[in-house]
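Pasted below: entry_31.csv, CSV, C-alpha atoms and all ligand atoms.
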```csv
chain,number,residue,atom,x,y,z
A,15,MET,CA,73.7,84.4,152.8
A,16,VAL,CA,72.4,80.8,152.7
A,17,VAL,CA,71.8,79.5,149.2
A,18,THR,CA,70.0,76.2,148.5
A,19,ILE,CA,70.0,74.7,145.0
A,20,ASP,CA,67.3,72.1,144.7
A,21,THR,CA,67.9,70.4,141.4
A,22,ASP,CA,65.1,67.9,142.1
A,23,ALA,CA,62.4,70.5,142.6
A,24,GLY,CA,64.0,72.9,140.2
A,25,LEU,CA,64.2,75.6,142.9
A,26,PHE,CA,66.6,78.2,144.1
A,27,ARG,CA,66.3,79.5,147.7
A,28,LEU,CA,68.1,82.4,149.2
A,29,ALA,CA,68.0,83.3,152.9
A,30,GLU,CA,69.5,86.6,153.8
A,31,ASN,CA,69.0,89.2,156.5
A,32,GLY,CA,66.0,87.3,157.9
A,33,ARG,CA,64.3,87.1,154.5
A,34,CYS,CA,63.9,84.0,152.5
A,35,GLU,CA,63.0,83.9,148.8
A,36,GLU,CA,62.4,81.1,146.5
A,37,ARG,CA,62.5,81.2,142.7
A,38,PRO,CA,62.8,78.8,139.8
A,39,LEU,CA,66.3,77.4,139.5
A,40,PHE,CA,66.5,78.7,135.9
A,41,ASP,CA,65.5,82.2,136.8
A,42,PRO,CA,68.2,84.7,135.6
A,43,GLU,CA,68.4,86.2,139.1
A,44,ALA,CA,69.4,82.7,140.5
A,45,PHE,CA,72.2,82.7,137.9
A,46,ARG,CA,73.3,86.3,138.8
A,47,ILE,CA,73.6,85.4,142.5
A,48,LEU,CA,75.4,82.1,141.8
A,49,SER,CA,77.8,83.6,139.3
A,50,ARG,CA,78.7,86.4,141.6
A,51,GLN,CA,79.7,83.9,144.2
A,52,TRP,CA,81.4,81.7,141.7
A,53,LEU,CA,83.5,84.7,140.6
A,54,ILE,CA,84.5,85.5,144.2
A,55,LEU,CA,85.3,81.8,145.1
A,56,GLY,CA,87.2,81.3,141.9
A,57,TRP,CA,89.2,84.5,142.4
A,58,ASN,CA,90.2,83.3,145.8
A,59,LEU,CA,91.4,80.0,144.4
A,60,GLY,CA,93.5,81.7,141.7
A,61,TYR,CA,91.3,80.9,138.7
A,62,TRP,CA,92.6,84.1,137.1
A,63,ALA,CA,96.2,82.8,137.2
A,64,CYS,CA,95.6,79.5,135.3
A,65,PHE,CA,95.7,80.7,131.7
A,66,SER,CA,98.3,81.7,129.2
A,67,TRP,CA,98.6,83.4,125.8
A,68,MET,CA,101.4,82.3,123.4
A,69,GLY,CA,103.0,80.5,126.3
A,70,ARG,CA,103.1,83.4,128.7
A,71,GLN,CA,101.0,83.5,131.8
A,72,LEU,CA,97.9,85.7,131.4
A,73,LEU,CA,96.4,87.0,134.7
A,74,GLN,CA,92.8,87.6,133.5
A,75,LEU,CA,89.4,86.0,133.7
A,76,PRO,CA,88.7,84.4,130.4
A,77,ASP,CA,85.4,86.3,130.0
A,78,ASP,CA,87.3,89.5,130.4
A,79,VAL,CA,89.8,88.4,127.7
A,80,LEU,CA,87.0,87.8,125.2
A,81,ARG,CA,85.2,91.0,126.1
A,82,LEU,CA,88.5,92.9,125.6
A,83,ALA,CA,89.0,91.2,122.2
A,84,GLU,CA,85.4,92.2,121.2
A,85,LEU,CA,86.1,95.8,122.2
A,86,LEU,CA,89.4,96.1,120.5
A,87,TRP,CA,88.1,94.5,117.3
A,88,ARG,CA,85.3,97.1,117.3
A,89,VAL,CA,87.4,100.1,118.2
A,90,ARG,CA,90.6,99.2,116.3
A,91,PRO,CA,92.9,101.6,118.0
A,92,ASP,CA,96.3,102.6,116.6
A,93,VAL,CA,97.8,102.2,120.0
A,94,ILE,CA,97.0,100.2,123.2
A,95,VAL,CA,98.8,101.5,126.2
A,96,GLU,CA,99.0,98.9,129.0
A,97,THR,CA,100.4,99.2,132.5
A,98,GLY,CA,101.4,95.9,134.3
A,99,VAL,CA,103.1,93.3,132.1
A,100,TYR,CA,103.9,90.6,134.7
A,101,ASP,CA,104.6,87.5,132.5
A,102,GLY,CA,103.7,89.1,129.2
A,103,GLY,CA,100.4,87.3,128.6
A,104,SER,CA,98.2,90.4,128.2
A,105,THR,CA,100.9,92.2,126.2
A,106,LEU,CA,101.0,89.4,123.7
A,107,LEU,CA,97.2,89.1,123.7
A,108,PHE,CA,96.9,92.7,122.7
A,109,ALA,CA,99.7,92.4,120.1
A,110,SER,CA,97.9,89.3,118.6
A,111,LEU,CA,94.7,91.2,118.3
A,112,CYS,CA,96.5,94.1,116.6
A,113,ARG,CA,98.1,91.6,114.2
A,114,LEU,CA,94.8,90.0,113.4
A,115,ALA,CA,93.1,93.4,112.8
A,116,GLY,CA,96.0,94.5,110.7
A,117,ARG,CA,96.1,97.6,112.7
A,118,GLY,CA,97.5,98.8,116.0
A,119,ARG,CA,100.5,98.3,118.3
A,120,VAL,CA,101.1,98.0,122.0
A,121,ILE,CA,103.1,100.2,124.5
A,122,SER,CA,103.4,98.4,127.8
A,123,VAL,CA,104.8,99.7,131.1
A,124,GLU,CA,106.2,97.5,133.8
A,125,ARG,CA,107.9,98.7,137.0
A,126,GLU,CA,110.3,95.7,137.1
A,127,PHE,CA,110.4,93.1,134.3
A,128,ARG,CA,110.7,89.5,135.6
A,129,PRO,CA,113.6,87.5,134.1
A,130,GLY,CA,113.0,86.4,130.6
A,131,VAL,CA,109.8,88.4,130.0
A,132,TRP,CA,111.3,91.2,127.9
A,133,ALA,CA,113.1,88.8,125.6
A,134,ALA,CA,110.1,86.5,125.2
A,135,VAL,CA,107.7,89.4,124.3
A,136,MET,CA,110.2,90.9,121.9
A,137,GLU,CA,110.8,87.5,120.2
A,138,ALA,CA,107.1,86.9,119.8
A,139,ALA,CA,105.9,90.3,118.8
A,140,GLY,CA,108.8,92.8,118.9
A,141,ASP,CA,107.5,94.4,115.7
A,142,LEU,CA,104.2,95.4,117.5
A,143,VAL,CA,105.3,96.0,121.1
A,144,THR,CA,107.3,98.7,122.8
A,145,LEU,CA,108.2,97.9,126.4
A,146,ILE,CA,109.0,100.6,128.9
A,147,GLU,CA,110.5,99.9,132.3
A,148,GLY,CA,109.2,102.4,134.8
A,149,ASP,CA,106.7,103.3,137.5
A,150,SER,CA,103.4,103.9,135.7
A,151,ALA,CA,102.3,106.4,138.4
A,152,LEU,CA,105.0,108.8,137.4
A,153,PRO,CA,104.7,111.7,135.0
A,154,GLU,CA,108.1,111.0,133.5
A,155,THR,CA,107.0,107.4,132.6
A,156,ALA,CA,103.9,108.9,131.0
A,157,ALA,CA,106.1,111.2,129.0
A,158,ARG,CA,108.1,108.3,127.8
A,159,VAL,CA,104.9,106.5,126.7
A,160,GLU,CA,103.7,109.7,124.9
A,161,ARG,CA,106.9,110.0,123.0
A,162,GLU,CA,106.1,106.6,121.4
A,163,MET,CA,102.9,107.8,119.7
A,164,ARG,CA,101.8,110.5,117.3
A,165,ARG,CA,99.1,113.0,118.4
A,166,ASP,CA,96.7,111.9,115.6
A,167,GLU,CA,96.7,108.2,116.6
A,168,ARG,CA,93.7,106.6,118.3
A,169,VAL,CA,94.6,105.4,121.7
A,170,CYS,CA,93.0,103.0,124.3
A,171,VAL,CA,94.5,102.5,127.7
A,172,PHE,CA,94.4,99.4,130.0
A,173,LEU,CA,95.5,99.9,133.6
A,174,ASP,CA,96.5,96.6,135.3
A,175,SER,CA,99.5,97.3,137.5
A,176,ASP,CA,99.3,98.2,141.2
A,177,HIS,CA,95.6,98.1,142.2
A,178,SER,CA,95.7,100.4,145.2
A,179,ALA,CA,93.4,103.4,144.8
A,180,ARG,CA,96.3,105.9,145.1
A,181,HIS,CA,98.3,104.3,142.4
A,182,VAL,CA,95.4,104.0,140.0
A,183,ALA,CA,94.6,107.7,140.7
A,184,MET,CA,98.1,108.6,139.7
A,185,GLU,CA,97.9,106.5,136.5
A,186,LEU,CA,94.6,108.1,135.6
A,187,ARG,CA,96.1,111.5,136.3
A,188,HIS,CA,99.1,111.0,134.0
A,189,LEU,CA,97.8,108.6,131.3
A,190,SER,CA,94.0,109.3,130.8
A,191,HIS,CA,94.6,112.3,128.5
A,192,MET,CA,96.1,109.9,126.0
A,193,VAL,CA,92.8,108.2,125.4
A,194,SER,CA,91.2,109.4,122.2
A,195,PRO,CA,87.6,110.4,121.7
A,196,GLY,CA,85.6,107.3,121.0
A,197,CYS,CA,88.2,105.1,122.6
A,198,TYR,CA,88.3,103.4,126.0
A,199,LEU,CA,90.1,103.6,129.3
A,200,LEU,CA,89.8,100.2,131.0
A,201,VAL,CA,90.7,99.8,134.7
A,202,ALA,CA,91.3,96.1,135.7
A,203,ASP,CA,90.4,94.4,139.0
A,204,SER,CA,87.9,96.9,140.3
A,205,ILE,CA,85.9,94.1,142.1
A,206,CYS,CA,88.5,94.1,144.9
A,207,ALA,CA,85.9,95.3,147.4
A,208,ASP,CA,83.9,92.1,146.9
A,209,LEU,CA,87.1,90.1,147.5
A,210,ALA,CA,88.2,91.8,150.7
A,211,HIS,CA,86.6,89.3,153.0
A,212,THR,CA,88.0,86.2,151.3
A,213,PRO,CA,91.0,84.3,152.7
A,214,ALA,CA,93.3,85.6,149.9
A,215,GLY,CA,91.9,89.1,150.1
A,216,GLU,CA,92.9,92.1,152.3
A,217,ALA,CA,90.5,94.0,154.5
A,218,ALA,CA,91.8,97.3,153.1
A,219,TRP,CA,90.4,96.4,149.7
A,220,LYS,CA,87.0,97.3,150.9
A,221,TYR,CA,87.8,100.9,150.1
A,222,ASP,CA,91.3,100.8,148.7
A,223,HIS,CA,90.8,99.6,145.1
A,224,PRO,CA,90.8,100.8,141.5
A,225,GLY,CA,87.0,101.5,141.6
A,226,THR,CA,87.5,104.2,144.3
A,227,ALA,CA,90.0,106.0,142.1
A,228,VAL,CA,87.7,105.7,139.1
A,229,ASP,CA,84.8,107.2,141.0
A,230,GLU,CA,86.9,110.2,142.0
A,231,PHE,CA,88.3,110.6,138.5
A,232,LEU,CA,84.8,110.6,136.9
A,233,ALA,CA,83.6,113.3,139.3
A,234,THR,CA,86.1,115.7,137.7
A,235,HIS,CA,86.4,114.4,134.2
A,236,PRO,CA,83.1,114.8,132.4
A,237,GLU,CA,84.8,113.9,129.1
A,238,PHE,CA,84.7,110.3,130.3
A,239,THR,CA,81.6,108.2,130.7
A,240,ARG,CA,81.2,104.9,132.5
A,241,THR,CA,79.9,102.6,129.8
A,242,ARG,CA,80.7,99.5,127.9
A,243,PRO,CA,79.6,98.5,124.5
A,244,ALA,CA,76.7,96.1,124.3
A,245,PRO,CA,77.9,92.7,123.2
A,246,LEU,CA,77.1,91.9,119.6
A,247,PHE,CA,75.4,88.7,120.8
A,248,THR,CA,73.4,88.5,124.0
A,249,GLY,CA,70.7,86.6,125.7
A,250,GLU,CA,68.1,87.6,128.2
A,251,PHE,CA,70.8,87.9,130.9
A,252,ASP,CA,73.5,90.5,131.0
A,253,PHE,CA,76.6,88.2,131.0
A,254,THR,CA,78.9,91.2,131.0
A,255,GLU,CA,78.7,91.1,134.8
A,256,LEU,CA,80.9,88.0,134.7
A,257,SER,CA,84.0,90.2,135.0
A,258,TYR,CA,86.7,91.3,137.4
A,259,PHE,CA,86.1,94.9,136.2
A,260,PRO,CA,82.4,95.1,135.1
A,261,SER,CA,82.0,98.8,135.9
A,262,THR,CA,85.4,100.4,135.1
A,263,TRP,CA,85.1,100.7,131.3
A,264,LEU,CA,85.2,104.4,130.5
A,265,ILE,CA,84.7,105.9,127.1
A,266,ARG,CA,86.1,109.3,126.1
A,267,GLN,CA,83.3,111.4,124.6
A,268,GLY,CA,83.7,113.5,121.5
A,269,THR,CA,84.5,113.0,117.9
A,270,ALA,CA,87.8,111.7,116.5
A,271,GLU,CA,90.4,114.4,116.7
A,272,ALA,CA,94.0,114.8,117.8
A,273,ARG,CA,94.5,114.0,121.4
A,274,PRO,CA,94.8,116.9,123.8
A,275,ARG,CA,98.2,117.6,125.3
A,276,ALA,CA,98.9,116.5,128.8
A,277,PRO,CA,97.3,118.8,131.3
A,278,ARG,CA,99.6,120.9,133.4
A,279,GLN,CA,99.4,119.5,136.9
A,280,ARG,CA,101.2,119.4,140.2
A,281,ALA,CA,103.3,116.3,140.9
A,282,LEU,CA,101.9,114.0,143.7
A,283,ALA,CA,104.1,112.0,146.0
A,284,ALA,CA,104.9,108.5,144.7
A,285,PRO,CA,102.3,105.9,145.8
A,286,PRO,CA,103.1,102.8,147.8
A,287,ARG,CA,104.5,100.1,145.6
A,288,THR,CA,102.3,97.2,146.5
A,289,ALA,CA,100.5,95.1,143.9
A,290,VAL,CA,97.3,93.5,144.8
A,291,ARG,CA,98.0,90.3,143.1
A,301,LIG,C1,98.3,92.2,137.8
A,301,LIG,S1,99.9,92.1,137.1
A,301,LIG,C2,99.7,92.4,135.4
A,301,LIG,C3,99.0,91.3,134.7
A,301,LIG,C4,99.0,91.4,133.2
A,301,LIG,N1,98.5,92.6,132.8
A,301,LIG,C5,98.3,90.2,132.7
A,301,LIG,O1,97.1,90.4,132.4
A,301,LIG,O2,98.8,89.1,132.6
A,301,LIG,C6,100.6,93.5,137.8
A,301,LIG,C7,101.9,93.9,137.2
A,301,LIG,O3,102.1,95.3,137.5
A,301,LIG,C8,103.4,95.6,137.9
A,301,LIG,N2,103.5,96.8,138.7
A,301,LIG,C9,103.2,96.9,140.0
A,301,LIG,N3,103.4,98.2,140.4
A,301,LIG,C10,103.7,98.9,139.3
A,301,LIG,C11,104.1,100.2,139.0
A,301,LIG,N4,104.1,101.1,140.0
A,301,LIG,N5,104.4,100.6,137.8
A,301,LIG,C12,104.4,99.7,136.8
A,301,LIG,N6,104.1,98.4,137.0
A,301,LIG,C13,103.8,98.0,138.2
A,301,LIG,C14,103.8,94.3,138.7
A,301,LIG,O4,105.2,94.2,138.7
A,301,LIG,C15,103.1,93.2,137.9
A,301,LIG,O5,104.0,92.7,136.9
```
Have the structure of the file written as structure tokens, please.
Ligand SMILES: C[S@@+](CC[C@H](N)C(=O)[O-])C[C@H]1O[C@@H](n2cnc3c(N)ncnc32)[C@H](O)[C@@H]1O
Amino acid sequence: MVVTIDTDAGLFRLAENGRCEERPLFDPEAFRILSRQWLILGWNLGYWACFSWMGRQLLQLPDDVLRLAELLWRVRPDVIVETGVYDGGSTLLFASLCRLAGRGRVISVEREFRPGVWAAVMEAAGDLVTLIEGDSALPETAARVEREMRRDERVCVFLDSDHSARHVAMELRHLSHMVSPGCYLLVADSICADLAHTPAGEAAWKYDHPGTAVDEFLATHPEFTRTRPAPLFTGEFDFTELSYFPSTWLIRQGTAEARPRAPRQRALAAPPRTAVR
């Protein structure tokens, strides 16, 4: 792909696969193509690792943070289950949103807490956060999470731990039933396929990424639909594409009711323990 931005002439040119098109620079399609590349180049430079929340590193794209805040403000769950704590930034972000809403608390699972993280999170928001050390792919970890909530509570789940397809498939298997009707199951970093060719990416991400697991999950779970709420404020362009997981927002269909019990299922072998980032 060869892109030319001609600010003098106000033109955007794209040459790809032997075809060349020209359009006004301020055309939404020009912005879509450029922002896609910006997202990929920025990811490769570690843009996602340059932010913090309440002094703890937060590994998210700022656009995703605001979209998550919009969603949680709208849904107002009683419980947010998170996998993948890292430095505690997202845990404290979710806890802050619960505090602002006057409703909700956070249950966060981490395979191995880094030094100081547990204490820092507990000091900042211990009244709203339950931390669980364990492998989020395992049914026994899911059982520990479930023991921390009541069956009539409204639950959203955010998966952001190991981003291999196999691991996410296991998380979906063991945690998805906790999501309440009308609530969301969010799977982070599903744009891995677009990053596979970058210097910081891995070739295997072309197929081994959270999006693959979500596709397979949706094929057998009609109670979930791939959708995200329309932003309250929008322009002519769909800015929700500016995301590291634009298409892995799943809503559980149905009306508010007690969550179903965990389905009986065969145990799978433990997945490889490699985190993508
Ligand atoms: C991408 S980081 C989480 C970032 C965090 N959610 C944030 O937004 O700041 C992934 C985290 O998942 C953890 N992790 C990796 N494999 C895991 C597993 N099998 N079970 C639980 N946590 C895991 C890693 O140790 C790491 O802290």
Problem set entry | Atomic separation - atom CA of Leu264 of chain A relative to atom CA of Pro236 of chain A, Å |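 Separation of atom CA of Pro236 of chain A and atom CA of Leu264 of chain A: 10.8 Å.
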Problem set entry | Atomic distance atom CA of Glu84 of chain A - atom CA of Pro243 of chain A, expressed in Å with one decimal |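 So the answer is 9.2 Å.
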Exercise. Looking at all atoms listed in the file, which of A:Val99, A:Leu246, A:Ala207, A:Met68 is the one that sits closest to Phe259 of chain A?
Worked result: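 Comparing A:Val99, A:Leu246, A:Ala207, A:Met68 against Phe259 of chain A, the winner is A:Ala207.
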Problem set entry | Exercise answer, 7 Å around ligand LIG 301 (chain A) with only C-alpha atoms and all ligand atoms, as number ranges by chain | A: 71-74, 97-104, 123-127, 148-151, 174-176, 287-289, 291
Exercise. From the set A:Arg81, A:Arg33, A:Arg128, A:Arg27, which residue has the shortest atom-to-atom contact distance to Pro245 of chain A, counting all atoms listed in the file?
Worked result: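 Among the listed residues, the smallest separation from Pro245 of chain A belongs to A:Arg81.
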Exercise. Neighbours of segment 18-26 of chain A within 10 Å (only C-alpha atoms; same-chain residues fewer than 2 positions away dropped), as a PyMOL selection string?
Worked result: chain A and resi 15-16+28-29+35-41+43-45+48
Exercise. What does the distance from atom CA of Arg165 of chain A to atom CA of Arg117 of chain A come to in Å, to one decimal?
Worked result: 16.7 Å
For this session: Skip Leu209 of chain A itself and residues of its chain fewer than 4 positions away, then list as an MDAnalysis selection string all residues within 8 Å of it, counting only C-alpha atoms.
Result: chainID A and resid 54 57:58 205 215:216 219:220
Problem set entry | Close residues, Arg180 of chain A itself excluded, 7 Å, all atoms listed in the file, min 2 positions apart in chain, as a count of residues only | 6
Problem set entry | Shell around Leu173 of chain A at 7 Å using only C-alpha atoms, local window under 6 positions removed, as a list in words |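 The residues that qualify are Glu96, Thr97, Leu200, Val201 and Ala202 of chain A.
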Preceding selection exported with C-alpha atoms as a PDB file, in the coordinates of the input:
```pdb
ATOM      1  CA  GLU A  96      99.000  98.900 129.000  1.00  0.00           C
ATOM      2  CA  THR A  97     100.400  99.200 132.500  1.00  0.00           C
ATOM      3  CA  LEU A 200      89.800 100.200 131.000  1.00  0.00           C
ATOM      4  CA  VAL A 201      90.700  99.800 134.700  1.00  0.00           C
ATOM      5  CA  ALA A 202      91.300  96.100 135.700  1.00  0.00           C
TER       6      ALA A 202
END
```
Problem set entry | All residues 8 Å or closer to Val159 of chain A, all atoms listed in the file, same chain fewer than 2 positions away omitted, as an NGL selection string | :A and (95 or 121 or 146 or 155-157 or 161-163)
Complete the atoms of segment 168-192 of chain A to N, CA and C atoms and put them out as a PDB file, in the coordinates of the input.
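Dumped to out-v2.pdb:
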```pdb
ATOM      1  N   ARG A 168      94.805 106.972 117.380  1.00  0.00           N
ATOM      2  CA  ARG A 168      93.700 106.600 118.300  1.00  0.00           C
ATOM      3  C   ARG A 168      94.194 105.666 119.341  1.00  0.00           C
ATOM      4  N   VAL A 169      93.979 106.050 120.598  1.00  0.00           N
ATOM      5  CA  VAL A 169      94.600 105.400 121.700  1.00  0.00           C
ATOM      6  C   VAL A 169      93.624 104.828 122.723  1.00  0.00           C
ATOM      7  N   CYS A 170      93.755 103.564 123.103  1.00  0.00           N
ATOM      8  CA  CYS A 170      93.000 103.000 124.300  1.00  0.00           C
ATOM      9  C   CYS A 170      94.052 102.725 125.356  1.00  0.00           C
ATOM     10  N   VAL A 171      93.612 102.776 126.606  1.00  0.00           N
ATOM     11  CA  VAL A 171      94.500 102.500 127.700  1.00  0.00           C
ATOM     12  C   VAL A 171      93.923 101.472 128.650  1.00  0.00           C
ATOM     13  N   PHE A 172      94.773 100.523 129.060  1.00  0.00           N
ATOM     14  CA  PHE A 172      94.400  99.400 130.000  1.00  0.00           C
ATOM     15  C   PHE A 172      95.274  99.473 131.182  1.00  0.00           C
ATOM     16  N   LEU A 173      94.690  99.751 132.348  1.00  0.00           N
ATOM     17  CA  LEU A 173      95.500  99.900 133.600  1.00  0.00           C
ATOM     18  C   LEU A 173      95.373  98.586 134.389  1.00  0.00           C
ATOM     19  N   ASP A 174      96.501  97.906 134.577  1.00  0.00           N
ATOM     20  CA  ASP A 174      96.500  96.600 135.300  1.00  0.00           C
ATOM     21  C   ASP A 174      97.816  96.425 136.028  1.00  0.00           C
ATOM     22  N   SER A 175      98.226  97.433 136.785  1.00  0.00           N
ATOM     23  CA  SER A 175      99.500  97.300 137.500  1.00  0.00           C
ATOM     24  C   SER A 175      99.226  97.160 139.008  1.00  0.00           C
ATOM     25  N   ASP A 176      99.579  98.143 139.777  1.00  0.00           N
ATOM     26  CA  ASP A 176      99.300  98.200 141.200  1.00  0.00           C
ATOM     27  C   ASP A 176      97.835  98.615 141.370  1.00  0.00           C
ATOM     28  N   HIS A 177      97.054  97.837 142.107  1.00  0.00           N
ATOM     29  CA  HIS A 177      95.600  98.100 142.200  1.00  0.00           C
ATOM     30  C   HIS A 177      95.196  98.932 143.379  1.00  0.00           C
ATOM     31  N   SER A 178      96.138  99.568 144.047  1.00  0.00           N
ATOM     32  CA  SER A 178      95.700 100.400 145.200  1.00  0.00           C
ATOM     33  C   SER A 178      95.067 101.691 144.555  1.00  0.00           C
ATOM     34  N   ALA A 179      94.133 102.257 145.306  1.00  0.00           N
ATOM     35  CA  ALA A 179      93.400 103.400 144.800  1.00  0.00           C
ATOM     36  C   ALA A 179      94.353 104.574 144.498  1.00  0.00           C
ATOM     37  N   ARG A 180      95.357 104.745 145.339  1.00  0.00           N
ATOM     38  CA  ARG A 180      96.300 105.900 145.100  1.00  0.00           C
ATOM     39  C   ARG A 180      97.080 105.710 143.850  1.00  0.00           C
ATOM     40  N   HIS A 181      97.543 104.503 143.624  1.00  0.00           N
ATOM     41  CA  HIS A 181      98.300 104.300 142.400  1.00  0.00           C
ATOM     42  C   HIS A 181      97.463 104.468 141.161  1.00  0.00           C
ATOM     43  N   VAL A 182      96.276 103.901 141.179  1.00  0.00           N
ATOM     44  CA  VAL A 182      95.400 104.000 140.000  1.00  0.00           C
ATOM     45  C   VAL A 182      95.048 105.496 139.771  1.00  0.00           C
ATOM     46  N   ALA A 183      94.848 106.231 140.871  1.00  0.00           N
ATOM     47  CA  ALA A 183      94.600 107.700 140.700  1.00  0.00           C
ATOM     48  C   ALA A 183      95.696 108.384 140.012  1.00  0.00           C
ATOM     49  N   MET A 184      96.919 107.997 140.351  1.00  0.00           N
ATOM     50  CA  MET A 184      98.100 108.600 139.700  1.00  0.00           C
ATOM     51  C   MET A 184      98.163 108.213 138.213  1.00  0.00           C
ATOM     52  N   GLU A 185      97.875 106.956 137.938  1.00  0.00           N
ATOM     53  CA  GLU A 185      97.900 106.500 136.500  1.00  0.00           C
ATOM     54  C   GLU A 185      96.808 107.285 135.745  1.00  0.00           C
ATOM     55  N   LEU A 186      95.637 107.416 136.329  1.00  0.00           N
ATOM     56  CA  LEU A 186      94.600 108.100 135.600  1.00  0.00           C
ATOM     57  C   LEU A 186      94.984 109.586 135.402  1.00  0.00           C
ATOM     58  N   ARG A 187      95.658 110.141 136.376  1.00  0.00           N
ATOM     59  CA  ARG A 187      96.100 111.500 136.300  1.00  0.00           C
ATOM     60  C   ARG A 187      97.075 111.730 135.112  1.00  0.00           C
ATOM     61  N   HIS A 188      97.986 110.781 134.967  1.00  0.00           N
ATOM     62  CA  HIS A 188      99.100 111.000 134.000  1.00  0.00           C
ATOM     63  C   HIS A 188      98.830 110.310 132.632  1.00  0.00           C
ATOM     64  N   LEU A 189      97.926 109.348 132.576  1.00  0.00           N
ATOM     65  CA  LEU A 189      97.800 108.600 131.300  1.00  0.00           C
ATOM     66  C   LEU A 189      96.403 108.828 130.647  1.00  0.00           C
ATOM     67  N   SER A 190      95.401 109.303 131.393  1.00  0.00           N
ATOM     68  CA  SER A 190      94.000 109.300 130.800  1.00  0.00           C
ATOM     69  C   SER A 190      93.917 110.289 129.641  1.00  0.00           C
ATOM     70  N   HIS A 191      94.708 111.380 129.645  1.00  0.00           N
ATOM     71  CA  HIS A 191      94.600 112.300 128.500  1.00  0.00           C
ATOM     72  C   HIS A 191      94.983 111.724 127.204  1.00  0.00           C
ATOM     73  N   MET A 192      95.698 110.587 127.253  1.00  0.00           N
ATOM     74  CA  MET A 192      96.100 109.900 126.000  1.00  0.00           C
ATOM     75  C   MET A 192      94.986 109.238 125.296  1.00  0.00           C
TER      76      MET A 192
END
```
